[in-house]
$ cat data03.pdb   # PDB, C-alpha atoms
MODEL        1
ATOM      1  CA  MET A 298     155.437  25.939  50.936
ATOM      2  CA  THR A 299     158.260  26.246  53.459
ATOM      3  CA  VAL A 300     158.242  29.210  55.845
ATOM      4  CA  THR A 301     161.266  29.981  57.987
ATOM      5  CA  PRO A 302     160.643  31.663  61.362
ATOM      6  CA  PRO A 303     162.233  35.129  61.631
ATOM      7  CA  SER A 304     165.892  34.874  62.592
ATOM      8  CA  LEU A 305     166.853  36.189  66.007
ATOM      9  CA  LEU A 306     170.528  36.755  66.760
ATOM     10  CA  GLY A 307     172.008  36.088  70.176
ATOM     11  CA  GLU A 308     173.750  33.482  72.316
ATOM     12  CA  SER A 309     173.504  34.892  75.822
ATOM     13  CA  PRO A 310     171.881  32.597  78.428
ATOM     14  CA  ALA A 311     168.961  34.987  78.983
ATOM     15  CA  PHE A 312     168.211  35.186  75.268
ATOM     16  CA  LEU A 313     168.529  31.449  74.650
ATOM     17  CA  ALA A 314     166.191  30.772  77.585
ATOM     18  CA  THR A 315     163.639  33.095  75.961
ATOM     19  CA  LEU A 316     163.866  31.238  72.632
ATOM     20  CA  THR A 317     163.392  27.935  74.427
ATOM     21  CA  HIS A 318     160.294  29.332  76.127
ATOM     22  CA  VAL A 319     158.927  30.517  72.760
ATOM     23  CA  SER A 320     159.542  27.125  71.149
ATOM     24  CA  ARG A 321     157.703  25.388  73.987
ATOM     25  CA  VAL A 322     154.607  27.594  73.922
ATOM     26  CA  ALA A 323     154.360  28.153  70.139
ATOM     27  CA  PRO A 324     152.523  24.879  69.301
ATOM     28  CA  LEU A 325     149.861  25.454  71.977
ATOM     29  CA  GLU A 326     146.506  26.774  70.742
ATOM     30  CA  ARG A 327     146.315  29.399  73.462
ATOM     31  CA  PRO A 328     146.770  33.184  73.735
ATOM     32  CA  VAL A 329     150.209  34.519  74.693
ATOM     33  CA  LEU A 330     151.426  37.848  76.037
ATOM     34  CA  VAL A 331     154.847  39.159  75.029
ATOM     35  CA  ILE A 332     156.213  41.669  77.534
ATOM     36  CA  GLY A 333     159.329  43.751  77.062
ATOM     37  CA  GLU A 334     160.866  47.192  76.929
ATOM     38  CA  ARG A 335     160.707  49.176  73.697
ATOM     39  CA  GLY A 336     163.073  47.882  71.053
ATOM     40  CA  THR A 337     163.452  44.369  72.475
ATOM     41  CA  GLY A 338     161.860  42.660  69.455
ATOM     42  CA  LYS A 339     158.325  41.871  70.628
ATOM     43  CA  GLU A 340     156.959  41.727  67.077
ATOM     44  CA  LEU A 341     159.722  39.312  66.012
ATOM     45  CA  ILE A 342     158.867  37.045  68.932
ATOM     46  CA  ALA A 343     155.169  37.175  68.011
ATOM     47  CA  ALA A 344     156.035  36.189  64.432
ATOM     48  CA  ARG A 345     158.160  33.318  65.736
ATOM     49  CA  LEU A 346     155.246  32.118  67.868
ATOM     50  CA  HIS A 347     153.091  32.082  64.731
ATOM     51  CA  TYR A 348     155.529  30.380  62.363
ATOM     52  CA  LEU A 349     156.419  27.666  64.888
ATOM     53  CA  SER A 350     152.738  26.862  65.428
ATOM     54  CA  GLN A 351     150.294  24.719  63.473
ATOM     55  CA  ARG A 352     148.956  27.975  62.020
ATOM     56  CA  TRP A 353     152.215  28.778  60.197
ATOM     57  CA  ASP A 354     150.592  28.633  56.730
ATOM     58  CA  ARG A 355     147.637  30.823  57.731
ATOM     59  CA  PRO A 356     147.504  34.653  58.047
ATOM     60  CA  PHE A 357     149.679  36.528  60.545
ATOM     61  CA  VAL A 358     147.859  39.850  61.001
ATOM     62  CA  LYS A 359     149.357  42.763  62.933
ATOM     63  CA  VAL A 360     147.559  45.703  64.579
ATOM     64  CA  ASN A 361     149.145  48.529  66.589
ATOM     65  CA  CYS A 362     146.479  49.452  69.137
ATOM     66  CA  ALA A 363     148.234  52.714  70.023
ATOM     67  CA  ALA A 364     148.178  54.010  66.438
ATOM     68  CA  LEU A 365     144.398  54.451  66.170
ATOM     69  CA  PRO A 366     141.736  56.265  68.242
ATOM     70  CA  GLU A 367     139.053  54.122  69.871
ATOM     71  CA  SER A 368     136.418  54.418  67.118
ATOM     72  CA  LEU A 369     138.857  53.607  64.319
ATOM     73  CA  LEU A 370     140.478  50.773  66.280
ATOM     74  CA  ASP A 371     137.039  49.225  66.837
ATOM     75  CA  SER A 372     136.279  49.330  63.114
ATOM     76  CA  GLU A 373     139.797  48.194  62.182
ATOM     77  CA  LEU A 374     139.635  45.148  64.456
ATOM     78  CA  PHE A 375     136.014  44.094  64.100
ATOM     79  CA  GLY A 376     135.017  45.553  60.723
ATOM     80  CA  HIS A 377     131.757  47.337  59.944
ATOM     81  CA  GLU A 378     128.590  46.960  57.958
ATOM     82  CA  ALA A 379     127.595  49.259  55.134
ATOM     83  CA  GLY A 380     125.852  52.323  56.558
ATOM     84  CA  ALA A 381     127.188  51.755  60.100
ATOM     85  CA  PHE A 382     128.443  55.352  60.156
ATOM     86  CA  THR A 383     128.936  58.271  57.811
ATOM     87  CA  GLY A 384     131.222  57.258  54.983
ATOM     88  CA  ALA A 385     130.732  53.492  55.473
ATOM     89  CA  THR A 386     129.490  52.792  51.956
ATOM     90  CA  ARG A 387     130.265  49.069  51.993
ATOM     91  CA  ARG A 388     131.009  46.230  54.383
ATOM     92  CA  GLN A 389     134.586  46.094  55.655
ATOM     93  CA  ILE A 390     136.109  42.895  57.014
ATOM     94  CA  GLY A 391     138.099  43.628  60.163
ATOM     95  CA  ARG A 392     141.592  42.458  61.037
ATOM     96  CA  ILE A 393     140.272  39.721  63.326
ATOM     97  CA  GLU A 394     138.313  38.148  60.487
ATOM     98  CA  GLN A 395     141.307  38.575  58.191
ATOM     99  CA  ALA A 396     143.315  36.520  60.699
ATOM    100  CA  ASP A 397     140.742  33.710  60.757
ATOM    101  CA  GLY A 398     142.598  30.399  61.096
ATOM    102  CA  GLY A 399     145.836  32.221  61.873
ATOM    103  CA  THR A 400     147.331  34.585  64.454
ATOM    104  CA  LEU A 401     146.358  38.133  65.418
ATOM    105  CA  PHE A 402     149.213  40.202  66.881
ATOM    106  CA  LEU A 403     147.977  43.112  69.011
ATOM    107  CA  ASP A 404     150.882  45.435  69.710
ATOM    108  CA  GLU A 405     150.547  48.012  72.525
ATOM    109  CA  ILE A 406     147.477  46.139  73.758
ATOM    110  CA  ALA A 407     147.483  48.081  77.051
ATOM    111  CA  THR A 408     146.302  51.196  75.170
ATOM    112  CA  ALA A 409     143.041  49.587  73.956
ATOM    113  CA  SER A 410     139.936  51.274  75.368
ATOM    114  CA  PRO A 411     137.578  49.472  77.806
ATOM    115  CA  ALA A 412     134.964  49.082  75.048
ATOM    116  CA  VAL A 413     137.471  47.468  72.684
ATOM    117  CA  GLN A 414     138.780  45.275  75.526
ATOM    118  CA  GLU A 415     135.248  44.025  76.188
ATOM    119  CA  LYS A 416     134.778  43.006  72.545
ATOM    120  CA  LEU A 417     138.252  41.414  72.506
ATOM    121  CA  LEU A 418     137.312  39.339  75.532
ATOM    122  CA  ARG A 419     134.319  37.901  73.680
ATOM    123  CA  ALA A 420     136.493  37.146  70.650
ATOM    124  CA  VAL A 421     139.070  35.323  72.764
ATOM    125  CA  GLU A 422     136.559  33.568  75.010
ATOM    126  CA  TYR A 423     133.892  32.512  72.496
ATOM    127  CA  GLY A 424     135.389  33.143  69.054
ATOM    128  CA  GLU A 425     132.657  35.664  68.290
ATOM    129  CA  ILE A 426     132.949  39.218  67.029
ATOM    130  CA  GLU A 427     130.386  41.870  66.269
ATOM    131  CA  ARG A 428     131.026  44.196  63.372
ATOM    132  CA  VAL A 429     130.201  47.873  63.879
ATOM    133  CA  GLY A 430     126.595  48.005  62.724
ATOM    134  CA  GLY A 431     125.449  44.805  64.404
ATOM    135  CA  ARG A 432     126.439  41.747  62.330
ATOM    136  CA  THR A 433     127.948  38.856  64.327
ATOM    137  CA  ALA A 434     130.624  36.540  62.899
ATOM    138  CA  THR A 435     132.499  33.487  64.205
ATOM    139  CA  VAL A 436     136.302  33.358  64.004
ATOM    140  CA  ASP A 437     139.141  31.005  64.915
ATOM    141  CA  VAL A 438     142.043  33.248  65.869
ATOM    142  CA  ARG A 439     144.994  32.869  68.181
ATOM    143  CA  VAL A 440     145.734  36.204  69.892
ATOM    144  CA  VAL A 441     149.259  37.293  70.779
ATOM    145  CA  GLY A 442     149.378  40.588  72.678
ATOM    146  CA  ALA A 443     152.424  42.726  73.359
ATOM    147  CA  THR A 444     153.146  45.650  75.639
ATOM    148  CA  ASN A 445     155.858  47.300  77.712
ATOM    149  CA  ALA A 446     153.329  48.138  80.444
ATOM    150  CA  ASP A 447     152.725  46.341  83.745
ATOM    151  CA  LEU A 448     149.371  44.764  82.901
ATOM    152  CA  PRO A 449     148.700  43.269  86.360
ATOM    153  CA  ALA A 450     149.221  46.725  87.888
ATOM    154  CA  LEU A 451     146.900  48.292  85.295
ATOM    155  CA  ALA A 452     144.285  45.629  86.027
ATOM    156  CA  ALA A 453     144.570  46.253  89.772
ATOM    157  CA  ALA A 454     144.064  49.979  89.117
ATOM    158  CA  GLY A 455     140.977  49.285  86.977
ATOM    159  CA  ARG A 456     142.659  50.469  83.760
ATOM    160  CA  PHE A 457     142.736  47.048  82.073
ATOM    161  CA  ARG A 458     140.084  44.362  82.255
ATOM    162  CA  ALA A 459     141.172  41.689  84.715
ATOM    163  CA  ASP A 460     139.073  39.016  82.970
ATOM    164  CA  LEU A 461     140.705  39.810  79.606
ATOM    165  CA  LEU A 462     144.129  39.681  81.248
ATOM    166  CA  ASP A 463     143.274  36.261  82.697
ATOM    167  CA  ARG A 464     142.434  34.958  79.224
ATOM    168  CA  LEU A 465     145.425  36.489  77.442
ATOM    169  CA  ALA A 466     147.958  35.445  80.076
ATOM    170  CA  PHE A 467     147.770  31.707  79.450
ATOM    171  CA  ASP A 468     151.525  32.116  79.014
ATOM    172  CA  VAL A 469     153.714  35.216  79.235
ATOM    173  CA  VAL A 470     157.032  35.598  77.411
ATOM    174  CA  THR A 471     159.101  38.349  79.022
ATOM    175  CA  LEU A 472     161.997  39.558  76.874
ATOM    176  CA  PRO A 473     165.356  40.437  78.449
ATOM    177  CA  PRO A 474     166.628  43.972  77.742
ATOM    178  CA  LEU A 475     169.856  44.317  75.787
ATOM    179  CA  ARG A 476     171.785  45.398  78.898
ATOM    180  CA  ALA A 477     171.031  41.921  80.354
ATOM    181  CA  ARG A 478     172.693  40.231  77.375
ATOM    182  CA  PRO A 479     175.998  42.128  76.863
ATOM    183  CA  ASP A 480     177.648  39.202  75.052
ATOM    184  CA  ASP A 481     175.119  39.628  72.241
ATOM    185  CA  ILE A 482     176.062  43.273  71.557
ATOM    186  CA  PRO A 483     179.162  42.640  69.354
ATOM    187  CA  PRO A 484     177.514  40.052  67.043
ATOM    188  CA  LEU A 485     174.380  42.185  66.748
ATOM    189  CA  ALA A 486     176.479  45.258  65.972
ATOM    190  CA  GLU A 487     178.441  43.307  63.344
ATOM    191  CA  HIS A 488     175.189  42.080  61.787
ATOM    192  CA  PHE A 489     173.742  45.599  61.533
ATOM    193  CA  ALA A 490     177.035  47.009  60.240
ATOM    194  CA  LEU A 491     177.220  44.413  57.451
ATOM    195  CA  GLY A 492     173.644  45.161  56.469
ATOM    196  CA  MET A 493     174.403  48.875  56.224
ATOM    197  CA  VAL A 494     177.559  48.218  54.213
ATOM    198  CA  ARG A 495     175.511  46.205  51.716
ATOM    199  CA  GLU A 496     172.931  48.971  51.516
ATOM    200  CA  LEU A 497     175.703  51.511  50.809
ATOM    201  CA  GLN A 498     177.169  49.109  48.212
ATOM    202  CA  ARG A 499     180.588  49.154  49.830
ATOM    203  CA  PRO A 500     182.905  46.199  49.116
ATOM    204  CA  LEU A 501     183.610  45.320  52.769
ATOM    205  CA  PHE A 502     183.264  46.266  56.401
ATOM    206  CA  PRO A 503     186.691  46.773  58.034
ATOM    207  CA  GLY A 504     185.343  46.002  61.520
ATOM    208  CA  PHE A 505     185.203  47.868  64.831
ATOM    209  CA  THR A 506     188.136  49.169  66.836
ATOM    210  CA  ASP A 507     188.487  47.944  70.412
ATOM    211  CA  ALA A 508     187.485  51.420  71.620
ATOM    212  CA  ALA A 509     184.284  51.300  69.563
ATOM    213  CA  LEU A 510     183.373  47.870  70.950
ATOM    214  CA  ASP A 511     184.045  49.132  74.471
ATOM    215  CA  ARG A 512     181.735  52.068  73.770
ATOM    216  CA  LEU A 513     179.002  49.728  72.532
ATOM    217  CA  ARG A 514     179.347  47.409  75.541
ATOM    218  CA  GLY A 515     179.404  50.305  77.992
ATOM    219  CA  HIS A 516     176.198  51.987  76.811
ATOM    220  CA  ASP A 517     172.971  51.265  78.725
ATOM    221  CA  TRP A 518     170.801  50.950  75.551
ATOM    222  CA  PRO A 519     167.447  52.212  76.884
ATOM    223  CA  GLY A 520     166.075  51.662  73.355
ATOM    224  CA  ASN A 521     167.529  48.133  73.268
ATOM    225  CA  VAL A 522     168.187  46.378  69.939
ATOM    226  CA  ARG A 523     166.382  49.050  67.908
ATOM    227  CA  GLU A 524     168.623  51.753  69.388
ATOM    228  CA  LEU A 525     171.725  49.615  68.789
ATOM    229  CA  ARG A 526     170.782  49.156  65.148
ATOM    230  CA  ASN A 527     170.247  52.883  64.626
ATOM    231  CA  ALA A 528     173.536  53.771  66.325
ATOM    232  CA  VAL A 529     175.562  51.244  64.317
ATOM    233  CA  GLU A 530     173.961  52.108  60.974
ATOM    234  CA  ARG A 531     174.429  55.867  61.367
ATOM    235  CA  SER A 532     178.021  55.325  62.534
ATOM    236  CA  VAL A 533     178.824  53.134  59.530
ATOM    237  CA  ALA A 534     177.253  55.659  57.164
ATOM    238  CA  ALA A 535     179.388  58.473  58.602
ATOM    239  CA  ALA A 536     182.663  56.511  58.833
ATOM    240  CA  ASP A 537     185.632  56.214  56.498
ATOM    241  CA  PRO A 538     184.841  53.010  54.567
ATOM    242  CA  ASP A 539     188.527  52.020  54.452
ATOM    243  CA  GLU A 540     189.248  52.319  58.190
ATOM    244  CA  PRO A 541     187.965  50.280  61.145
ATOM    245  CA  LEU A 542     184.951  51.984  62.705
ATOM    246  CA  ASP A 543     186.122  53.908  65.753
ATOM    247  CA  HIS A 544     183.473  56.567  66.401
ATOM    248  CA  ILE A 545     180.011  55.424  67.557
ATOM    249  CA  VAL A 546     177.350  58.105  67.110
ATOM    250  CA  LEU A 547     175.057  57.383  70.041
ATOM    251  CA  ASP A 548     173.281  60.737  70.067
ATOM    252  CA  PRO A 549     172.570  62.214  66.612
ATOM    253  CA  PHE A 550     171.446  65.475  68.265
ATOM    254  CA  GLU A 551     174.770  66.065  69.970
ATOM    255  CA  SER A 552     176.399  69.248  68.697
ATOM    256  CA  PRO A 553     178.252  72.249  70.169
ATOM    257  CA  TRP A 554     175.527  74.363  68.505
ATOM    258  CA  ARG A 555     172.617  72.420  69.964
ATOM    259  CA  PRO A 556     170.049  74.900  71.375
ATOM    260  CA  ALA A 557     170.119  75.070  75.141
ATOM    261  CA  VAL A 558     167.013  74.076  77.086
ATOM    262  CA  ALA A 559     165.620  77.006  79.049
ATOM    263  CA  PRO A 560     165.578  76.279  82.798
ATOM    264  CA  THR A 561     162.105  75.765  84.249
ATOM    265  CA  ALA A 562     161.036  77.871  87.194
ATOM    266  CA  ARG A 563     160.736  76.072  90.512
ATOM    267  CA  PRO A 564     157.161  76.161  91.842
ATOM    268  CA  GLU A 565     158.214  76.892  95.392
ATOM    269  CA  ALA A 566     159.761  80.182  96.437
ATOM    270  CA  ALA A 567     163.511  79.959  96.736
ATOM    271  CA  SER A 568     165.112  80.801 100.042
ATOM    272  CA  PRO A 569     167.576  83.713 100.256
ATOM    273  CA  GLN A 570     170.327  81.153 100.834
ATOM    274  CA  ALA A 571     169.380  79.311  97.633
ATOM    275  CA  ASN A 572     169.681  82.546  95.639
ATOM    276  CA  ALA A 573     173.079  83.382  97.054
ATOM    277  CA  PRO A 574     175.964  82.915  94.591
ATOM    278  CA  ALA A 575     178.308  80.043  95.220
ATOM    279  CA  PRO A 576     181.682  81.079  96.615
ATOM    280  CA  ALA A 577     184.281  81.453  93.883
ATOM    281  CA  PRO A 578     187.266  79.095  94.025
ATOM    282  CA  ALA A 579     190.612  80.635  94.869
ATOM    283  CA  PHE A 580     193.179  80.922  92.032
ATOM    284  CA  ASP A 581     196.588  82.485  91.743
ATOM    285  CA  GLY A 582     197.496  84.776  88.854
ATOM    286  CA  GLY A 583     195.445  86.983  86.534
ATOM    287  CA  ILE A 584     191.993  86.060  85.268
ATOM    288  CA  LEU A 585     193.230  85.054  81.791
ATOM    289  CA  ASP A 586     195.828  82.730  83.294
ATOM    290  CA  GLN A 587     193.157  81.236  85.551
ATOM    291  CA  VAL A 588     190.779  80.605  82.624
ATOM    292  CA  ARG A 589     193.569  79.083  80.534
ATOM    293  CA  ALA A 590     194.678  76.772  83.361
ATOM    294  CA  PHE A 591     191.105  75.730  84.107
ATOM    295  CA  GLU A 592     190.430  74.925  80.440
ATOM    296  CA  ALA A 593     193.643  72.910  80.173
ATOM    297  CA  SER A 594     192.802  70.901  83.298
ATOM    298  CA  ILE A 595     189.345  70.040  81.941
ATOM    299  CA  LEU A 596     190.856  68.883  78.637
ATOM    300  CA  HIS A 597     193.548  66.813  80.338
ATOM    301  CA  GLU A 598     191.098  65.110  82.686
ATOM    302  CA  ALA A 599     188.740  64.328  79.781
ATOM    303  CA  LEU A 600     191.588  62.832  77.743
ATOM    304  CA  GLU A 601     192.617  60.566  80.601
ATOM    305  CA  ARG A 602     188.997  59.548  81.242
ATOM    306  CA  ASN A 603     188.633  58.533  77.581
ATOM    307  CA  ARG A 604     192.063  56.850  77.394
ATOM    308  CA  PHE A 605     193.330  59.572  75.040
ATOM    309  CA  ASN A 606     190.766  58.682  72.373
ATOM    310  CA  GLN A 607     190.195  62.126  70.873
ATOM    311  CA  ARG A 608     186.871  61.361  69.214
ATOM    312  CA  GLN A 609     185.389  60.031  72.439
ATOM    313  CA  THR A 610     186.890  62.973  74.336
ATOM    314  CA  ALA A 611     185.305  65.444  71.922
ATOM    315  CA  GLU A 612     181.968  63.680  72.230
ATOM    316  CA  SER A 613     182.090  63.680  76.034
ATOM    317  CA  LEU A 614     182.804  67.438  76.064
ATOM    318  CA  GLY A 615     180.183  68.320  73.474
ATOM    319  CA  LEU A 616     182.831  69.465  70.986
ATOM    320  CA  GLY A 617     183.476  68.679  67.363
ATOM    321  CA  TYR A 618     186.575  66.586  66.622
ATOM    322  CA  HIS A 619     188.436  69.447  64.916
ATOM    323  CA  GLN A 620     187.404  71.856  67.668
ATOM    324  CA  LEU A 621     189.021  69.579  70.215
ATOM    325  CA  ARG A 622     192.180  69.202  68.116
ATOM    326  CA  GLY A 623     192.556  72.990  67.985
ATOM    327  CA  MET A 624     192.148  73.324  71.746
ATOM    328  CA  LEU A 625     194.629  70.531  72.425
ATOM    329  CA  LYS A 626     197.216  72.216  70.201
ATOM    330  CA  LYS A 627     196.563  75.530  71.934
ATOM    331  CA  HIS A 628     197.399  73.988  75.314
ATOM    332  CA  GLY A 629     200.157  71.657  74.096
ATOM    333  CA  LEU A 630     198.102  68.581  74.977
ATOM    334  CA  ILE A 631     198.321  66.587  71.736
ATOM    335  CA  PRO A 632     198.885  62.991  72.958
ATOM    336  CA  PRO A 633     202.007  61.033  72.009
ATOM    337  CA  ALA A 634     201.981  59.442  68.566
ATOM    338  CA  HIS A 635     201.722  55.884  69.914
ATOM    339  CA  LEU A 636     198.353  56.639  71.549
ATOM    340  CA  ARG A 637     195.113  56.290  69.581
ATOM    341  CA  PRO A 638     194.068  59.594  67.966
TER
ENDMDL
END

$ encode --input "data03.pdb" --output "structure tokens"
Amino acid sequence: MTVTPPSLLGESPAFLATLTHVSRVAPLERPVLVIGERGTGKELIAARLHYLSQRWDRPFVKVNCAALPESLLDSELFGHEAGAFTGATRRQIGRIEQADGGTLFLDEIATASPAVQEKLLRAVEYGEIERVGGRTATVDVRVVGATNADLPALAAAGRFRADLLDRLAFDVVTLPPLRARPDDIPPLAEHFALGMVRELQRPLFPGFTDAALDRLRGHDWPGNVRELRNAVERSVAAADPDEPLDHIVLDPFESPWRPAVAPTARPEAASPQANAPAPAPAFDGGILDQVRAFEASILHEALERNRFNQRQTAESLGLGYHQLRGMLKKHGLIPPAHLRP
């Protein structure tokens, strides 16, 4: 049986250095920690560590430690004997035993309780686990943990076992965020766009406009590759299938009718000066002329800031595209025909 490690797309120096690190540590029979911001692909890296190791043909078992309360996580990881608690009518083999001979991936490992951490330490150190209800079993499991937390800081604060951290941190793979690998954004975006086009059963993807690529490169991507994928897929789904993709929907909640957030009261008493109204700017002419001129200046400045791209301008102002078009016509600000609409 041939198993191919999960494909990871990217050619930036930071990303290639990470893959080299993974390839070097994968064959070692030692625990590994994978550290990275949300959406950086920690689970994919863990899978790559498994499939490039000597355990590639054995189980790769995944557990999200944050998804279960302490009692259920204990039973899920270590299993339980029949009668160990109400409802335990038969023995259950835990995820660690299921991973025997293979790799156990513990996502969000920083959220595990102290009691679970203590049992994990024994499993990593001695290869022994104790099912809920008292039965001991021996296992051969390689543990790969992942988190976006600062584990050394948590250990120093007494919120993560320092001895468990010592055992897990034989090697640490730290993933670069997407903003550190800007050259990888266009090929990743193209990859996700093609996948969405196939899902929608469209004959082709006409590509991105230069403005759309600039928008993708200019975003900070706090959600990293996962956020990029979501943004590209929703943009492709909403776009004209026969035209190059120009409008990137970064915020699906953005709308001129989005409910406003009520301001929170400041805990400290405001000074009389703080409550005083700001001085009004001086304008010439009647109030309607002032409002009209002010609105036109805002529109003109926004157009220039967005290089006369009307969709980006509408998005930056919190307007719908057709709303903006109506306001531009009202003020005689429709850009020349040779500029991008």

$ closest_residue --input "data03.pdb" --among "A:Leu374, A:Val441, A:Glu308, A:Phe550" --to "A:Arg345" --atoms "only C-alpha atoms"
A:Val441

$ closest_residue --input "data03.pdb" --among "A:Pro328, A:Phe457, A:Phe467, A:Gln389" --to "A:Phe402" --atoms "only C-alpha atoms"
A:Pro328

$ residues_around --input "data03.pdb" --residues "A:Asp404" --least-positions-apart "5" --cutoff "8 Å" --atoms "only C-alpha atoms" --output "list in words"
Glu340, Lys359, Val360, Asn361, Cys362, Ala363, Gly442, Ala443 and Thr444 of chain A

$ resolve_selection --input "data03.pdb" --expression "the PyMOL selection byres ((chain A and resi 322) around 10)" --output "list in words"
Thr317, His318, Val319, Ser320, Arg321, Ala323, Pro324, Leu325, Glu326, Arg327, Pro328, Val329, Leu346, Leu349, Ser350, Phe467, Asp468, Val469 and Val470 of chain A

$ closest_residue --input "data03.pdb" --among "A:Glu378, A:Glu334, A:Glu394, A:Glu487" --to "A:Gly307" --atoms "only C-alpha atoms"
A:Glu487

$ resolve_selection --input "data03.pdb" --expression "the PyMOL selection byres ((chain A and resi 357) around 9)" --output "PDB file with C-alpha atoms, in the frame of the given file"
ATOM      1  CA  ALA A 344     156.035  36.189  64.432  1.00  0.00           C
ATOM      2  CA  HIS A 347     153.091  32.082  64.731  1.00  0.00           C
ATOM      3  CA  TYR A 348     155.529  30.380  62.363  1.00  0.00           C
ATOM      4  CA  ARG A 352     148.956  27.975  62.020  1.00  0.00           C
ATOM      5  CA  TRP A 353     152.215  28.778  60.197  1.00  0.00           C
ATOM      6  CA  ASP A 354     150.592  28.633  56.730  1.00  0.00           C
ATOM      7  CA  ARG A 355     147.637  30.823  57.731  1.00  0.00           C
ATOM      8  CA  PRO A 356     147.504  34.653  58.047  1.00  0.00           C
ATOM      9  CA  VAL A 358     147.859  39.850  61.001  1.00  0.00           C
ATOM     10  CA  LYS A 359     149.357  42.763  62.933  1.00  0.00           C
ATOM     11  CA  GLN A 395     141.307  38.575  58.191  1.00  0.00           C
ATOM     12  CA  ALA A 396     143.315  36.520  60.699  1.00  0.00           C
ATOM     13  CA  GLY A 399     145.836  32.221  61.873  1.00  0.00           C
ATOM     14  CA  THR A 400     147.331  34.585  64.454  1.00  0.00           C
ATOM     15  CA  LEU A 401     146.358  38.133  65.418  1.00  0.00           C
ATOM     16  CA  PHE A 402     149.213  40.202  66.881  1.00  0.00           C
TER      17      PHE A 402
END

$ closest_atom_pairs --input "data03.pdb" --of "stretch 434-507 of chain A" --to "stretch 542-546 of chain A" --cutoff "7 Å" --atoms "all atoms listed in the file" --output "JSON lines"
{"residue": "A:Gly504", "atom": "CA", "partner": "A:Leu542", "partner_atom": "CA", "distance": 6.1}
{"residue": "A:Phe505", "atom": "CA", "partner": "A:Leu542", "partner_atom": "CA", "distance": 4.6}
{"residue": "A:Thr506", "atom": "CA", "partner": "A:Asp543", "partner_atom": "CA", "distance": 5.3}

$ resolve_selection --input "data03.pdb" --expression "the PyMOL selection byres ((chain A and resi 530-532) around 9)" --output "ChimeraX atom specification"
/A:486,489-490,492-494,525-529,533-536,542-547,549

$ closest_residue --input "data03.pdb" --among "A:Gly391, A:His628, A:Arg608, A:Pro411" --to "A:Leu596" --atoms "all atoms listed in the file"
A:His628

$ atom_distance --input "data03.pdb" --atom1 "atom CA of A:Gly520" --atom2 "atom CA of A:Leu451"
22.8 Å

$ atom_distance --input "data03.pdb" --atom1 "atom CA of A:Trp554" --atom2 "atom CA of A:Ser613"
14.6 Å

$ residues_around --input "data03.pdb" --residues "A:Pro553" --least-positions-apart "5" --cutoff "10 Å" --atoms "only C-alpha atoms" --output "list in words"
Ala611, Glu612, Leu614, Gly615, Leu616, Gly617 and Gln620 of chain A

$ closest_residue --input "data03.pdb" --among "A:Ala557, A:Leu472, A:Val421, A:Ile342" --to "A:Asp460" --atoms "only C-alpha atoms"
A:Val421

$ atom_distance --input "data03.pdb" --atom1 "atom CA of A:Gly431" --atom2 "atom CA of A:Leu418"
17.2 Å

$ axis_aligned_box --input "data03.pdb" --around "stretch 390-403 of chain A" --padding-each-side "8 Å" --output "lines of an AutoDock Vina configuration file"
center_x = 142.7
center_y = 37.0
center_z = 63.0
size_x = 29.1
size_y = 29.2
size_z = 28.0

$ residues_around --input "data03.pdb" --residues "A:Gln414" --least-positions-apart "2" --cutoff "12 Å" --atoms "all atoms listed in the file" --output "ChimeraX atom specification"
/A:362,367,370-371,374-375,403,406-412,416-422,426,442,452,456-462,464-465

$ write_last_selection --input "data03.pdb" --atoms "C-alpha atoms" --output "compact mmCIF listing (two decimals), in the coordinates of the input"
# COMPACT_ATOMS: atom_id res chain seq x y z
CA CYS A 362 146.48 49.45 69.14
CA GLU A 367 139.05 54.12 69.87
CA LEU A 370 140.48 50.77 66.28
CA ASP A 371 137.04 49.22 66.84
CA LEU A 374 139.64 45.15 64.46
CA PHE A 375 136.01 44.09 64.10
CA LEU A 403 147.98 43.11 69.01
CA ILE A 406 147.48 46.14 73.76
CA ALA A 407 147.48 48.08 77.05
CA THR A 408 146.30 51.20 75.17
CA ALA A 409 143.04 49.59 73.96
CA SER A 410 139.94 51.27 75.37
CA PRO A 411 137.58 49.47 77.81
CA ALA A 412 134.96 49.08 75.05
CA LYS A 416 134.78 43.01 72.54
CA LEU A 417 138.25 41.41 72.51
CA LEU A 418 137.31 39.34 75.53
CA ARG A 419 134.32 37.90 73.68
CA ALA A 420 136.49 37.15 70.65
CA VAL A 421 139.07 35.32 72.76
CA GLU A 422 136.56 33.57 75.01
CA ILE A 426 132.95 39.22 67.03
CA GLY A 442 149.38 40.59 72.68
CA ALA A 452 144.28 45.63 86.03
CA ARG A 456 142.66 50.47 83.76
CA PHE A 457 142.74 47.05 82.07
CA ARG A 458 140.08 44.36 82.26
CA ALA A 459 141.17 41.69 84.72
CA ASP A 460 139.07 39.02 82.97
CA LEU A 461 140.71 39.81 79.61
CA LEU A 462 144.13 39.68 81.25
CA ARG A 464 142.43 34.96 79.22
CA LEU A 465 145.43 36.49 77.44
